[in-house]
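I have placed the structure first, in the form of structure tokens, so that the comments after it can refer back to it.
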Amino acid sequence: MKFFAINGSPRKVFNTAQLLDKSLEGIKSVLPEAEVERIDLYDIPFNGCKSCFACKKVNGRHYGRCVYNDDFKPILNKITQSDGLILGSPVYFGDLTGNMRCFLERFMFPFLAYSTTETVDHKRMPLAFIYTMNVSDEASFDLGYHDLFDKYESVLERLFTKPEHLYVHETYQFSDYDRYVSDIFDEKERRIIHETRFPIDLESAFKIGQNIAKRAKKD
């Protein structure tokens, strides 16, 4: 069995990446024989959907598949055949990162049939989404983050399965706050949150991985 974690952050060792790695550890704890791999989207030169509609052409040989031939295509082909998928993105300007949005376009659009009768035959693997953000839990509701991310998840549920999710708040953003203009944050408070709450978030990510593995095993 093969599982992927998709890192929508440009950073490879900070919050989102650590949570995704922990989720993969959770998968391995249930399925030791499984293959797991983290894909860092910012390492891959790719774009979002080109709106060529080859994936929707009547009797087309690429119906239901992304035809665009770039460095991402073989990776996308592997992901769509995986046994489980965990997505992770920090929140930039109140939304997912640009690269994660590009990924979702390429990942979801070919499977979205413009029809009330036609469907696209594809693998419906279990999914999870991990979101990391600077704001508090309360502020994330006030800013509409949950409503927005519910929309992404509703499309994923329609095409695949209902995703689990994890919201990680008030993240520790820098290794040294003194190097950056960031006086709107209380560095001491953020460090305490990171030392006390982030380990709990990591454990939650581990459990998400376990759940994904159990769902895949059951299927």
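Ordered as shown in the structure tokens, chains take letters A, B, and onward, while each chain numbers its residues from 1 and ligands are numbered from 1 in the order shown.
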Tell me, as a VMD selection string, which residues lie within 7 Å of Phe129 in chain A, counting only C-alpha atoms; anything in the same chain fewer than 2 positions away does not count. chain A and resid 86 to 88 127 131 163 to 166
Please identify all polymer residues within 9 Å of Ala54 in chain A, counting only C-alpha atoms, omitting same-chain residues fewer than 5 positions from it, and present them as a PyMOL selection string. chain A and resi 60-68+110
Same residues, C-alpha atoms, output as a tab-separated table (two decimals), in the first residue's frame:
```
chain	number	residue	atom	x	y	z
A	60	GLY	CA	-11.69	11.47	-25.36
A	61	ARG	CA	-8.82	9.14	-24.53
A	62	HIS	CA	-7.88	11.45	-21.65
A	63	TYR	CA	-11.41	11.67	-20.23
A	64	GLY	CA	-11.21	11.99	-16.46
A	65	ARG	CA	-7.42	12.46	-16.48
A	66	CYS	CA	-5.19	15.54	-16.57
A	67	VAL	CA	-3.49	15.64	-19.96
A	68	TYR	CA	-1.08	18.51	-19.27
A	110	PRO	CA	-10.45	15.88	-13.97
```
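For Gly48 in chain A, the non-local neighbours within 9 Å, defined as residues at least 5 positions apart in the same chain or in other chains and counting only C-alpha atoms, are Asn99, Arg101, Cys102, Phe103, Leu104, Glu105 and Arg106 of chain A.
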With distances taken over only C-alpha atoms, which of A:Glu153, A:Glu37, A:Asp219, A:Glu118 is nearest to Leu85 in chain A?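 The closest residue to Leu85 in chain A is A:Glu37.
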Step one, run DSSP on the backbone; step two, keep only residues of range 34-200 of chain A assigned to strand (DSSP E); then write them as a tab-separated table (two decimals) with N, CA and C atoms, in the first residue's frame.
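Contents of result_19.tsv, freshly written:
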```tsv
chain	number	residue	atom	x	y	z
A	35	GLU	N	4.24	1.84	2.13
A	35	GLU	CA	5.16	2.86	1.65
A	35	GLU	C	4.55	4.24	1.93
A	36	VAL	N	5.35	5.13	2.47
A	36	VAL	CA	4.87	6.48	2.72
A	36	VAL	C	5.85	7.48	2.11
A	37	GLU	N	5.33	8.58	1.64
A	37	GLU	CA	6.18	9.59	0.98
A	37	GLU	C	5.59	10.97	1.17
A	38	ARG	N	6.45	11.92	1.50
A	38	ARG	CA	6.02	13.32	1.56
A	38	ARG	C	6.45	14.03	0.29
A	39	ILE	N	5.52	14.74	-0.33
A	39	ILE	CA	5.81	15.51	-1.53
A	39	ILE	C	5.76	17.00	-1.18
A	40	ASP	N	6.86	17.69	-1.42
A	40	ASP	CA	6.94	19.14	-1.16
A	40	ASP	C	6.61	19.88	-2.45
A	84	GLY	N	-4.17	6.38	0.34
A	84	GLY	CA	-4.57	7.39	1.30
A	84	GLY	C	-3.74	8.64	1.11
A	85	LEU	N	-4.31	9.78	1.47
A	85	LEU	CA	-3.66	11.06	1.17
A	85	LEU	C	-3.91	12.03	2.32
A	86	ILE	N	-2.83	12.68	2.77
A	86	ILE	CA	-2.94	13.71	3.81
A	86	ILE	C	-2.36	15.00	3.25
A	87	LEU	N	-3.18	16.04	3.21
A	87	LEU	CA	-2.80	17.34	2.68
A	87	LEU	C	-2.48	18.28	3.83
A	88	GLY	N	-1.51	19.15	3.63
A	88	GLY	CA	-1.17	20.12	4.66
A	88	GLY	C	-0.83	21.47	4.05
A	89	SER	N	-1.36	22.53	4.64
A	89	SER	CA	-1.08	23.87	4.13
A	89	SER	C	-1.13	24.89	5.25
A	90	PRO	N	-0.17	25.83	5.28
A	90	PRO	CA	-0.35	27.01	6.12
A	90	PRO	C	-1.40	27.92	5.50
A	127	LEU	N	-8.93	10.57	2.99
A	127	LEU	CA	-8.22	11.85	2.95
A	127	LEU	C	-8.20	12.52	4.32
A	128	ALA	N	-7.24	13.40	4.50
A	128	ALA	CA	-7.21	14.29	5.66
A	128	ALA	C	-6.56	15.60	5.24
A	129	PHE	N	-6.88	16.66	5.98
A	129	PHE	CA	-6.33	17.99	5.69
A	129	PHE	C	-5.86	18.61	6.99
A	130	ILE	N	-4.61	19.08	6.99
A	130	ILE	CA	-4.04	19.75	8.16
A	130	ILE	C	-3.78	21.22	7.79
A	131	TYR	N	-4.34	22.13	8.60
A	131	TYR	CA	-4.19	23.56	8.37
A	131	TYR	C	-3.39	24.17	9.51
A	132	THR	N	-2.39	24.97	9.18
A	132	THR	CA	-1.62	25.68	10.21
A	132	THR	C	-1.80	27.18	10.01
A	164	GLU	N	-10.90	13.94	7.09
A	164	GLU	CA	-10.66	14.39	8.45
A	164	GLU	C	-9.90	15.70	8.37
A	165	HIS	N	-9.92	16.48	9.45
A	165	HIS	CA	-9.11	17.70	9.42
A	165	HIS	C	-8.57	18.05	10.80
A	166	LEU	N	-7.51	18.83	10.78
A	166	LEU	CA	-6.86	19.30	11.99
A	166	LEU	C	-6.51	20.77	11.79
A	167	TYR	N	-6.97	21.63	12.72
A	167	TYR	CA	-6.63	23.05	12.70
A	167	TYR	C	-5.56	23.29	13.78
A	168	VAL	N	-4.45	23.86	13.37
A	168	VAL	CA	-3.35	24.16	14.30
A	168	VAL	C	-3.20	25.67	14.36
```
Given only C-alpha atoms as the counted atoms, nearest of A:Leu76, A:Ile6, A:Leu159, A:Ile27 to His122 in chain A: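 Under the stated criterion, the closest residue is A:Leu159.
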DSSP alpha helix (DSSP H) selection over range 7-217 of chain A, as a ChimeraX atom specification: /A:15-30,73-80,98-108,137-142,145-159,187-196,198-217
Residue nearest Thr196 in chain A among A:Asp147, A:Ala139, A:Tyr172, A:Cys49 (counting only C-alpha atoms): A:Tyr172
One number please: CA of Phe185 in chain A to CA of Thr171 in chain A, in Å, one decimal.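 One can read the CA of Phe185 in chain A to CA of Thr171 in chain A distance as 10.5 Å.
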Using only C-alpha atoms, which protein or nucleic acid residues come within 10 Å of Ile44 in chain A? Drop anything in the same chain fewer than 2 positions from it, and give the result as an NGL selection string. :A and (39-42 or 46-47 or 70-72 or 75 or 99)
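Note that CA of Lys78 in chain A and CA of Leu31 in chain A are 19.2 Å apart.
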Can you measure CA of Gly94 in chain A to CA of Arg11 in chain A for me? One decimal in Å is fine.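 One can read the CA of Gly94 in chain A to CA of Arg11 in chain A distance as 18.2 Å.
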Using only C-alpha atoms for the distances, tell me which of A:Asp95, A:Lys28, A:Phe174, A:Ser115 is nearest to His146 in chain A.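 Residue with the minimum atom-to-atom distance to His146 in chain A: A:Asp95.
If you measure from each of A:Asn59, A:Arg158, A:Phe53, A:Leu24 to Phe4 in chain A using only C-alpha atoms, the closest one turns out to be A:Leu24.
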I need the residue nearest Asp186 in chain A from this list: A:Asn134, A:Pro32, A:Ser154, A:Leu19. Use only C-alpha atoms for the distance.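 Comparing A:Asn134, A:Pro32, A:Ser154, A:Leu19 against Asp186 in chain A, the winner is A:Asn134.
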Using only C-alpha atoms, which residues sit within 12 Å of Pro199 in chain A once same-chain residues fewer than 4 positions away are excluded, as number ranges by chain? A: 15, 18-19, 22, 168, 171, 192-195, 203-206
